[in-house]
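Here the structure is laid out as structure tokens; the discussion comes afterwards.
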Amino acid sequence: MDERVGGPAVTGDRLGFDLITMGRIGADLYPLTTGVPLAEADTFGRFLGGSPANVAVAAARLGRRTAVVTRTGADPFGGYLRTELRRLGVDDRWVSEVRGLPTPLTFCEIFPPDRFPLYFYRVPKAPDLEIEAEELDLEAVRAARVFWMTGTGLSEEPSRSATLAALEARARARTTVFDLDWRPMLWREKPEAHYARALALATVAVGNQEECEIATGVSEPYAAARALLAAGVELAVVKRGPDGVLAVHRDGTVVDVPPVPVEVVNGLGAGDAFGGALCHGLLAGWDLERTVRFANAAGAIVATRLACSTAMPFPDEVEEVLGRAGGV
């Protein structure tokens, strides 16, 4: 097992971030034996979870300076998450506590290769939905080379207004990523209007086919990508699972990358690894094909591992997989 842990050291400069993510965080509790229903599992691993947190970890593993804007409960799980962020190389200066709300827990069942049910415990309300616009460091949000937000952050107030305030502060400068992140169990109303508003303020949209259909009304990958471009973004990335990844840029560039064949252990977290690696490639100024192939390989690596956050690969691991696959 690779014993390397974090990313770049956390420093005091609040304006020098490669990537700031915003939104969901929680503790993931995964059975340590695959193929066992939760009712029968008796040993669990505890991991940092939540897509924005995982994306920040993934980019930190690749050498990027990252931070996350989120909130936890004022409880031991919240303390664990802040400690784990720092251990994994993510700046936690914008992680605050909400008294009276518990830190969310997420359980999953692991039935490889393609069934991984999730059970969210985010009641009565998740602290990460209590992010207030007035608390945001908008100067730092504007200064970040990449800003990443998610659909779940739009699901409820005051997080929705805070997320939109961050997007408006960015004013489509640099790279602003909307992770479509559709979790129907976390919504109480129809999401389409909120997604449309966020797409108009983002420069990159990333999602699987179901998420793209929620955002655009169409699921066919090429049609969905064109619809996302029409909604306002410059780059549309459609993840197609076993069929690979499609990326379409407004300049006419189209990249259709096949999957990396792997033996799947846990498909959860692969999308977050993809996201962190996508940000890394965009930051590096790579061409679109190299960026998507690199991100695809990073996601494939995590799919072969049980955990999510601690499973995020280092650059040499991704390059090794790309080399075996004949990638760029």
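Just remember, in the structure tokens the first chain shown is A, the second B, etc., residues are 1-based per chain, and ligands are 1-based in the order shown.
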
With only C-alpha atoms counted and 12 Å as the cut-off, give the residues of range 33-141 of chain A in contact with range 152-156 of chain A, each with its shortest interatomic distance in Å and the pair that gives it, as CSV.
```
residue,atom,partner,partner_atom,distance
A:Gly50,CA,A:Thr152,CA,10.3
A:Ser51,CA,A:Thr152,CA,9.6
A:Pro52,CA,A:Gly153,CA,10.0
A:Val69,CA,A:Gly153,CA,11.0
A:Thr70,CA,A:Gly153,CA,9.9
A:Arg71,CA,A:Gly153,CA,11.7
A:Lys125,CA,A:Glu156,CA,9.6
A:Ala126,CA,A:Glu156,CA,10.1
A:Pro127,CA,A:Gly153,CA,11.2
A:Asp128,CA,A:Gly153,CA,8.0
A:Leu129,CA,A:Glu156,CA,6.5
A:Glu130,CA,A:Glu156,CA,8.7
A:Ile131,CA,A:Gly153,CA,9.0
A:Glu132,CA,A:Gly153,CA,11.4
```

Keeping only C-alpha atoms, write those residues as a compact mmCIF listing (two decimals), in the first residue's frame.
```
# COMPACT_ATOMS: atom_id res chain seq x y z
CA GLY A 50 -18.69 14.49 0.43
CA SER A 51 -17.98 15.23 -3.21
CA PRO A 52 -16.46 18.74 -2.85
CA VAL A 69 -15.81 25.94 1.99
CA THR A 70 -18.23 23.92 4.11
CA ARG A 71 -19.71 23.44 7.59
CA LYS A 125 -30.55 19.35 8.19
CA ALA A 126 -26.96 19.03 7.08
CA PRO A 127 -24.62 21.74 8.41
CA ASP A 128 -23.16 22.19 4.91
CA LEU A 129 -26.55 23.56 3.83
CA GLU A 130 -26.18 26.30 6.45
CA ILE A 131 -23.40 28.13 4.57
CA GLU A 132 -24.31 31.85 4.62
```

Please build the interface table for range 210-248 of chain A against range 265-282 of chain A with a cut-off of 10 Å, listing for each qualifying residue the nearest atom pair and the distance in Å to one decimal; count only C-alpha atoms, order rows by chain and increasing number, and write it as CSV.
```
residue,atom,partner,partner_atom,distance
A:Val237,CA,A:Leu278,CA,9.8
A:Lys239,CA,A:Gly271,CA,8.4
A:Gly241,CA,A:Gly271,CA,9.6
```

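Using only C-alpha atoms, the smallest distance between any of A:Arg61, A:Asp75, A:Val248, A:Met149 and Arg4 in chain A comes from A:Arg61.
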
Backbone-only DSSP, alpha helix (DSSP H) members of range 146-247 of chain A, as a VMD selection string: chain A and resid 159 to 170 192 to 199 209 to 216 221 to 231

Residues within 12 Å of Leu283 in chain A, only C-alpha atoms, excluding chain neighbours under 2 positions, as JSON, numbers by chain: {"A": [17, 18, 19, 59, 62, 63, 64, 65, 144, 145, 146, 147, 174, 175, 176, 276, 277, 278, 279, 280, 281, 285, 286, 287, 288, 291]}

Could those residues be written to a file, using C-alpha atoms, as an mmCIF file, in the first residue's frame?
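Output contents, as saved in again-v9.cif:
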```cif
data_model
loop_
_atom_site.group_PDB
_atom_site.id
_atom_site.type_symbol
_atom_site.label_atom_id
_atom_site.label_comp_id
_atom_site.auth_asym_id
_atom_site.auth_seq_id
_atom_site.Cartn_x
_atom_site.Cartn_y
_atom_site.Cartn_z
ATOM 1 C CA PHE A 17 -5.321 28.650 -4.088
ATOM 2 C CA ASP A 18 -5.345 26.574 -7.253
ATOM 3 C CA LEU A 19 -8.752 25.170 -6.324
ATOM 4 C CA ALA A 59 -6.395 17.733 -6.576
ATOM 5 C CA LEU A 62 -1.792 15.823 -7.622
ATOM 6 C CA GLY A 63 0.189 18.703 -6.133
ATOM 7 C CA ARG A 64 -2.427 21.444 -6.149
ATOM 8 C CA ARG A 65 -3.078 23.886 -3.310
ATOM 9 C CA ALA A 144 -8.864 30.975 -6.898
ATOM 10 C CA ARG A 145 -7.682 29.657 -10.252
ATOM 11 C CA VAL A 146 -10.545 27.121 -10.188
ATOM 12 C CA PHE A 147 -13.764 27.265 -8.190
ATOM 13 C CA ARG A 174 -11.004 31.786 -14.966
ATOM 14 C CA THR A 175 -12.449 28.286 -14.499
ATOM 15 C CA THR A 176 -15.718 27.879 -12.612
ATOM 16 C CA GLY A 276 -9.847 16.605 -9.043
ATOM 17 C CA ALA A 277 -7.766 15.326 -11.947
ATOM 18 C CA LEU A 278 -9.847 17.310 -14.440
ATOM 19 C CA CYS A 279 -9.066 20.470 -12.451
ATOM 20 C CA HIS A 280 -5.386 19.494 -12.410
ATOM 21 C CA GLY A 281 -5.298 19.136 -16.196
ATOM 22 C CA GLY A 285 -3.028 24.026 -19.534
ATOM 23 C CA TRP A 286 -3.112 20.597 -21.164
ATOM 24 C CA ASP A 287 -5.141 20.018 -24.293
ATOM 25 C CA LEU A 288 -8.627 18.623 -23.754
ATOM 26 C CA THR A 291 -6.873 16.297 -19.601
#
```

Long-range neighbours of range 304-309 of chain A as a PyMOL selection string, 7 Å cut-off, only C-alpha atoms, 2 positions minimum in chain: chain A and resi 47-49+54+57+262-266+268-269+300-302+311-312

Would you write out those residues with N, CA and C atoms, as an mmCIF file, in the first residue's frame?
```
data_model
loop_
_atom_site.group_PDB
_atom_site.id
_atom_site.type_symbol
_atom_site.label_atom_id
_atom_site.label_comp_id
_atom_site.auth_asym_id
_atom_site.auth_seq_id
_atom_site.Cartn_x
_atom_site.Cartn_y
_atom_site.Cartn_z
ATOM 1 N N PHE A 47 -14.195 7.282 6.744
ATOM 2 C CA PHE A 47 -13.431 8.077 5.796
ATOM 3 C C PHE A 47 -14.052 9.465 5.644
ATOM 4 N N LEU A 48 -13.213 10.433 5.298
ATOM 5 C CA LEU A 48 -13.709 11.732 4.876
ATOM 6 C C LEU A 48 -14.577 11.536 3.643
ATOM 7 N N GLY A 49 -15.749 12.185 3.605
ATOM 8 C CA GLY A 49 -16.633 12.051 2.458
ATOM 9 C C GLY A 49 -17.252 13.372 2.052
ATOM 10 N N ASN A 54 -13.878 15.547 -1.356
ATOM 11 C CA ASN A 54 -13.087 14.548 -2.068
ATOM 12 C C ASN A 54 -12.374 15.131 -3.282
ATOM 13 N N VAL A 57 -9.347 16.900 -2.096
ATOM 14 C CA VAL A 57 -8.298 15.930 -1.754
ATOM 15 C C VAL A 57 -7.637 15.399 -3.014
ATOM 16 N N VAL A 262 -10.802 -1.923 -15.631
ATOM 17 C CA VAL A 262 -10.306 -2.247 -14.298
ATOM 18 C C VAL A 262 -11.294 -3.202 -13.637
ATOM 19 N N GLU A 263 -10.825 -3.864 -12.591
ATOM 20 C CA GLU A 263 -11.707 -4.681 -11.760
ATOM 21 C C GLU A 263 -12.250 -3.795 -10.643
ATOM 22 N N VAL A 264 -13.528 -3.486 -10.724
ATOM 23 C CA VAL A 264 -14.124 -2.515 -9.810
ATOM 24 C C VAL A 264 -14.306 -3.126 -8.427
ATOM 25 N N VAL A 265 -13.847 -2.388 -7.414
ATOM 26 C CA VAL A 265 -14.077 -2.742 -6.011
ATOM 27 C C VAL A 265 -15.196 -1.882 -5.439
ATOM 28 N N ASN A 266 -15.093 -0.569 -5.656
ATOM 29 C CA ASN A 266 -16.103 0.370 -5.171
ATOM 30 C C ASN A 266 -16.158 1.548 -6.138
ATOM 31 N N LEU A 268 -17.893 4.218 -5.916
ATOM 32 C CA LEU A 268 -18.066 5.511 -5.264
ATOM 33 C C LEU A 268 -16.709 6.200 -5.121
ATOM 34 N N GLY A 269 -16.654 7.466 -5.431
ATOM 35 C CA GLY A 269 -15.405 8.208 -5.332
ATOM 36 C C GLY A 269 -14.663 8.330 -6.639
ATOM 37 N N ALA A 300 -10.550 5.651 -12.651
ATOM 38 C CA ALA A 300 -10.453 4.199 -12.734
ATOM 39 C C ALA A 300 -9.648 3.628 -11.575
ATOM 40 N N ILE A 301 -8.591 4.331 -11.178
ATOM 41 C CA ILE A 301 -7.772 3.864 -10.056
ATOM 42 C C ILE A 301 -8.598 3.783 -8.784
ATOM 43 N N VAL A 302 -9.367 4.834 -8.502
ATOM 44 C CA VAL A 302 -10.157 4.855 -7.271
ATOM 45 C C VAL A 302 -11.236 3.776 -7.294
ATOM 46 N N ALA A 311 -8.179 7.082 -1.094
ATOM 47 C CA ALA A 311 -7.824 6.299 -2.271
ATOM 48 C C ALA A 311 -7.362 7.156 -3.436
ATOM 49 N N MET A 312 -7.444 8.493 -3.301
ATOM 50 C CA MET A 312 -7.109 9.362 -4.421
ATOM 51 C C MET A 312 -5.659 9.158 -4.849
#
```

Residue list (strand (DSSP E), DSSP) for range 183-303 of chain A, as a ChimeraX atom specification: /A:204-208,235-239,245-249,254-257

Polymer residues at most 12 Å from range 84-86 of chain A, only C-alpha atoms, same-chain spacing of 4 or more positions, as a PyMOL selection string: chain A and resi 5-11+25-27+46-50+52-58+60-61+65-70+77-80+90-95+309-310

Range 183-244 of chain A residues near range 103-122 of chain A within 12 Å, closest pair each, using only C-alpha atoms, as JSON lines:
```
{"residue": "A:Arg183", "atom": "CA", "partner": "A:Phe120", "partner_atom": "CA", "distance": 10.0}
{"residue": "A:Pro184", "atom": "CA", "partner": "A:Phe120", "partner_atom": "CA", "distance": 11.2}
{"residue": "A:Met185", "atom": "CA", "partner": "A:Phe120", "partner_atom": "CA", "distance": 8.4}
{"residue": "A:Leu186", "atom": "CA", "partner": "A:Arg122", "partner_atom": "CA", "distance": 8.5}
{"residue": "A:Trp187", "atom": "CA", "partner": "A:Arg122", "partner_atom": "CA", "distance": 11.7}
{"residue": "A:Gly241", "atom": "CA", "partner": "A:Asp114", "partner_atom": "CA", "distance": 9.7}
{"residue": "A:Pro242", "atom": "CA", "partner": "A:Asp114", "partner_atom": "CA", "distance": 9.8}
```

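Taking only C-alpha atoms, the non-local environment of Val204 in chain A within 6 Å (same-chain residues fewer than 2 positions away omitted) comprises A:Val177, A:Ala202, A:Val233, A:Glu234, A:Leu235, A:Ala236.
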
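The space between CA of Asp179 in chain A and CA of Gly151 in chain A spans 6.4 Å.
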
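When CA of Val260 in chain A is paired with CA of Arg240 in chain A, their separation reads 12.2 Å.
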